[in-house]
Amino acid sequence: MREEQSNAEYVREVHDKGLRFDRKALTRRGLLAAVGGAGALAFIGRAVVGGDASAATEDATCLEEVASETAGPYPGDGSNGPDVRIEDGIVRRDIRSSYGDSSTVAEGVPLEFSLVVQDLECNPLVGAAVYAWHCDREGLYSLYSDGVTDENYLRGIQVTDDTGTVTFTSIFPACYLGRWPHIHFEVYASLDDATSGAGPIRKTSQIALPEDVSDTVYAEADGYELSVSNMEQITLETDNVFGEDSAEHQMATVTGDVTSGYVATLTITVDPENEEETGGGAPGGPPPSSSPSVSASASASASAE
């Protein structure tokens with residue numbers, strides 16, 4: 001019998017943050033569409049073969065600014081619970097292990113992912129800070145999900161180098177029910193802004209991972225069994241974050257294989273003067289559970305949204 005993740009309805013409820021968030025996002029996207037991109041805020045997603053992120057800043061073409069997305073119910077940025085940004089140990093490249101009181105390592109297929117951050121004129125945004133986080137191979141989020149509330153793995157902050165690049169060493173995230181495989185991130189103007197807890201956040205968005213790579217990981221690697229059936233029930237078009245444009249400007253290009261691991265890269269252009277509201281807001285449902293089951297009505301509702 002197919003098993004399903006329990007936090008699906010909770011995630012979907014919180015991802016719909018209400019009129020204020022929707023109005024802001026739709027206004028920005030609607031304006032970009034109306035002007036046809038002329039003079040619009042810029043964003044581009046492209047691959048860097050072999051992880052050479054510096055190549056992404058050469059001859060880059062500015063398109064649209066990456067869409068602002070919800071940070072979801074598990075940001076760990078102080079907006080609805082713990083704030084790891086202010087903790088010693090959060091500034092790190094390798095985010096596979098917990099730090100502090102735990103040294104648990106999240107298991108899974110190796111993934112090295114990079115963001116190349118540009119300003120509105122496609123110049124590298126040097127000295128900016130990126131806070132990134134994602135679920136583990138079982139679809140659980142450290143700090144929040146039952147069984148891993150004492151962990152803080154798969155979360156970290158890095159500062160962009162002279163090419164505007166940050167790189168994290170991690171694992172390939174799961175596909176949990178109701179969401180396309182993804183990685184969350186927040187961009188700050190400086191490390192001090194990111195680690196002080198005061199911000200401001202310049203951009204909150206998400207990285208989408210390709211279908212073919214995800215399917216391969218979930219089918220061939222141990223520990224991703226739930227993701228196989230969950231992936232069968234979601235498309236980019238039906239995902240409540242990427243569905244508006246099928247992740248046209250948020251899809252990373254990924255190279256590699258299950259045995260040696262994968263490299264993912266995305267180049268984004270953000271407005272360094274922009275200010276956004278913090279993270280995910282108050283949770284709108286029950287705490288996430290490590291017991292992967294949802295009611296039939298909840299599953300049907302999630303599929304219909």
# chains A, B, ... in the order shown; residues from 1 in each chain; ligands from 1
$ closest_atom_pairs --of "segment 175-246 of chain A" --to "segment 64-74 of chain A" --cutoff "8 Å" --atoms "only C-alpha atoms" --output "CSV"
residue,atom,partner,partner_atom,distance
A:His184,CA,A:Ala71,CA,6.6
A:Phe185,CA,A:Ala71,CA,7.7
A:Lys203,CA,A:Ser68,CA,6.4
A:Thr204,CA,A:Ser68,CA,5.5
A:Ser205,CA,A:Glu69,CA,4.6
A:Gln206,CA,A:Glu69,CA,6.7
A:Val241,CA,A:Glu69,CA,7.0
$ write_last_selection --atoms "N, CA and C atoms" --output "PDB file, in the first residue's frame"
ATOM      1  N   HIS A 184      14.800  25.901  -0.266  1.00  0.00           N
ATOM      2  CA  HIS A 184      14.452  27.270   0.119  1.00  0.00           C
ATOM      3  C   HIS A 184      15.707  28.123   0.274  1.00  0.00           C
ATOM      4  N   PHE A 185      15.561  29.426   0.033  1.00  0.00           N
ATOM      5  CA  PHE A 185      16.669  30.330   0.345  1.00  0.00           C
ATOM      6  C   PHE A 185      16.174  31.743   0.613  1.00  0.00           C
ATOM      7  N   LYS A 203      15.472  38.938  -0.583  1.00  0.00           N
ATOM      8  CA  LYS A 203      14.720  38.034  -1.452  1.00  0.00           C
ATOM      9  C   LYS A 203      14.498  36.708  -0.747  1.00  0.00           C
ATOM     10  N   THR A 204      13.269  36.196  -0.826  1.00  0.00           N
ATOM     11  CA  THR A 204      12.932  34.855  -0.373  1.00  0.00           C
ATOM     12  C   THR A 204      12.378  34.091  -1.561  1.00  0.00           C
ATOM     13  N   SER A 205      12.962  32.950  -1.870  1.00  0.00           N
ATOM     14  CA  SER A 205      12.477  32.189  -3.011  1.00  0.00           C
ATOM     15  C   SER A 205      12.854  30.724  -2.840  1.00  0.00           C
ATOM     16  N   GLN A 206      12.709  29.968  -3.918  1.00  0.00           N
ATOM     17  CA  GLN A 206      12.967  28.533  -3.873  1.00  0.00           C
ATOM     18  C   GLN A 206      13.616  28.064  -5.171  1.00  0.00           C
ATOM     19  N   VAL A 241       3.663  26.413  -5.646  1.00  0.00           N
ATOM     20  CA  VAL A 241       4.688  27.451  -5.681  1.00  0.00           C
ATOM     21  C   VAL A 241       5.193  27.667  -7.105  1.00  0.00           C
TER      22      VAL A 241
END
$ select_by_dssp --residues "segment 17-259 of chain A" --states "strand (DSSP E or B)" --output "PyMOL selection string"
chain A and resi 77+83+91+94+97+105+110-118+124+129-133+155-159+165-171+182-188+201-208+251+253-257
$ closest_residue --among "A:Phe242, A:Tyr218, A:Tyr188, A:Tyr153" --to "Asn274 of chain A" --atoms "only C-alpha atoms"
A:Tyr188
$ residues_around --residues "Tyr141 of chain A" --least-positions-apart "4" --cutoff "9 Å" --atoms "only C-alpha atoms" --output "PyMOL selection string"
chain A and resi 74+133-136+145-146+148-149+151-154+288
$ write_last_selection --atoms "N, CA and C atoms" --output "tab-separated table (two decimals), in the first residue's frame"
chain	number	residue	atom	x	y	z
A	74	TYR	N	8.57	25.95	7.68
A	74	TYR	CA	9.72	25.47	8.44
A	74	TYR	C	10.98	26.30	8.20
A	133	TRP	N	17.94	26.21	3.18
A	133	TRP	CA	17.48	25.06	3.97
A	133	TRP	C	16.55	24.19	3.12
A	134	HIS	N	16.46	22.92	3.48
A	134	HIS	CA	15.56	22.01	2.77
A	134	HIS	C	15.31	20.77	3.63
A	135	CYS	N	14.38	19.92	3.18
A	135	CYS	CA	14.02	18.72	3.93
A	135	CYS	C	15.06	17.62	3.71
A	136	ASP	N	14.99	16.59	4.53
A	136	ASP	CA	15.90	15.45	4.40
A	136	ASP	C	15.31	14.43	3.42
A	145	SER	N	9.91	18.86	12.32
A	145	SER	CA	9.24	17.58	12.13
A	145	SER	C	9.50	16.63	13.29
A	146	ASP	N	8.48	15.86	13.65
A	146	ASP	CA	8.61	14.88	14.73
A	146	ASP	C	9.79	13.96	14.46
A	148	VAL	N	12.94	14.89	14.53
A	148	VAL	CA	14.14	15.66	14.20
A	148	VAL	C	14.07	17.08	14.76
A	149	THR	N	13.25	17.27	15.77
A	149	THR	CA	13.13	18.61	16.36
A	149	THR	C	14.40	19.03	17.09
A	151	GLU	N	17.36	18.38	15.89
A	151	GLU	CA	18.40	18.49	14.88
A	151	GLU	C	18.31	19.86	14.19
A	152	ASN	N	19.44	20.29	13.63
A	152	ASN	CA	19.44	21.53	12.83
A	152	ASN	C	20.20	21.34	11.53
A	153	TYR	N	20.26	20.09	11.07
A	153	TYR	CA	20.95	19.81	9.82
A	153	TYR	C	20.19	20.37	8.61
A	154	LEU	N	20.89	20.44	7.47
A	154	LEU	CA	20.36	20.91	6.20
A	154	LEU	C	19.90	22.36	6.29
A	288	PRO	N	4.22	19.13	12.08
A	288	PRO	CA	4.55	18.05	11.15
A	288	PRO	C	4.88	16.78	11.90
$ closest_residue --among "A:Glu112, A:Ala129, A:Thr267, A:Gly178" --to "Ser196 of chain A" --atoms "only C-alpha atoms"
A:Ala129
$ closest_residue --among "A:Ala189, A:Ala174, A:Cys122, A:Leu236" --to "Arg202 of chain A" --atoms "only C-alpha atoms"
A:Ala189
$ residues_around --residues "Arg96 of chain A" --least-positions-apart "4" --cutoff "10 Å" --atoms "only C-alpha atoms" --output "mmCIF file with N, CA and C atoms, in the first residue's frame"
data_model
loop_
_atom_site.group_PDB
_atom_site.id
_atom_site.type_symbol
_atom_site.label_atom_id
_atom_site.label_comp_id
_atom_site.auth_asym_id
_atom_site.auth_seq_id
_atom_site.Cartn_x
_atom_site.Cartn_y
_atom_site.Cartn_z
ATOM 1 N N SER A 103 25.453 15.967 16.518
ATOM 2 C CA SER A 103 26.337 15.820 15.367
ATOM 3 C C SER A 103 25.741 14.864 14.341
ATOM 4 N N THR A 104 24.429 14.666 14.404
ATOM 5 C CA THR A 104 23.748 13.780 13.465
ATOM 6 C C THR A 104 23.952 14.252 12.033
ATOM 7 N N VAL A 105 24.253 13.308 11.160
ATOM 8 C CA VAL A 105 24.457 13.627 9.749
ATOM 9 C C VAL A 105 23.247 13.144 8.953
ATOM 10 N N ALA A 106 22.658 14.031 8.160
ATOM 11 C CA ALA A 106 21.543 13.661 7.294
ATOM 12 C C ALA A 106 22.061 12.803 6.154
ATOM 13 N N GLU A 107 21.496 11.620 6.005
ATOM 14 C CA GLU A 107 21.947 10.705 4.961
ATOM 15 C C GLU A 107 21.177 10.940 3.673
ATOM 16 N N GLY A 108 21.839 10.621 2.564
ATOM 17 C CA GLY A 108 21.195 10.781 1.267
ATOM 18 C C GLY A 108 22.215 10.911 0.162
ATOM 19 N N PRO A 110 24.592 12.619 -2.299
ATOM 20 C CA PRO A 110 25.293 13.908 -2.209
ATOM 21 C C PRO A 110 24.790 14.911 -3.246
ATOM 22 N N LEU A 111 24.639 16.151 -2.807
ATOM 23 C CA LEU A 111 24.242 17.245 -3.690
ATOM 24 C C LEU A 111 25.028 18.485 -3.306
ATOM 25 N N ASP A 136 14.992 16.591 4.532
ATOM 26 C CA ASP A 136 15.895 15.453 4.396
ATOM 27 C C ASP A 136 15.308 14.434 3.424
ATOM 28 N N ASN A 152 19.445 20.291 13.625
ATOM 29 C CA ASN A 152 19.438 21.532 12.834
ATOM 30 C C ASN A 152 20.203 21.337 11.527
ATOM 31 N N TYR A 153 20.256 20.087 11.067
ATOM 32 C CA TYR A 153 20.951 19.814 9.816
ATOM 33 C C TYR A 153 20.191 20.371 8.608
ATOM 34 N N LEU A 154 20.891 20.439 7.472
ATOM 35 C CA LEU A 154 20.357 20.912 6.200
ATOM 36 C C LEU A 154 19.898 22.364 6.290
ATOM 37 N N ARG A 155 20.677 23.155 7.035
ATOM 38 C CA ARG A 155 20.474 24.600 7.149
ATOM 39 C C ARG A 155 21.850 25.252 7.246
ATOM 40 N N GLY A 156 22.038 26.359 6.540
ATOM 41 C CA GLY A 156 23.320 27.035 6.622
ATOM 42 C C GLY A 156 23.322 28.374 5.916
ATOM 43 N N PHE A 168 26.799 25.205 -1.313
ATOM 44 C CA PHE A 168 26.519 24.378 -0.148
ATOM 45 C C PHE A 168 26.708 22.903 -0.492
ATOM 46 N N THR A 169 27.288 22.173 0.432
ATOM 47 C CA THR A 169 27.414 20.725 0.315
ATOM 48 C C THR A 169 26.289 20.098 1.116
ATOM 49 N N SER A 170 25.442 19.307 0.452
ATOM 50 C CA SER A 170 24.245 18.816 1.112
ATOM 51 C C SER A 170 23.871 17.440 0.569
ATOM 52 N N ILE A 171 22.592 17.096 0.690
ATOM 53 C CA ILE A 171 22.051 15.871 0.123
ATOM 54 C C ILE A 171 20.849 16.231 -0.740
#
$ closest_residue --among "A:Gly127, A:Gln118, A:Thr195, A:Leu266" --to "Gly89 of chain A" --atoms "only C-alpha atoms"
A:Thr195
$ residues_around --residues "Ala221 of chain A" --least-positions-apart "4" --cutoff "9 Å" --atoms "only C-alpha atoms" --output "PyMOL selection string"
chain A and resi 108-109+216-217+225+258-259
$ residues_around --residues "Leu125 of chain A" --least-positions-apart "4" --cutoff "9 Å" --atoms "only C-alpha atoms" --output "PyMOL selection string"
chain A and resi 116-119+160-165+189+269-270+272
$ closest_residue --among "A:Thr167, A:Gln233, A:Ser102, A:Ser260" --to "Val130 of chain A" --atoms "only C-alpha atoms"
A:Thr167
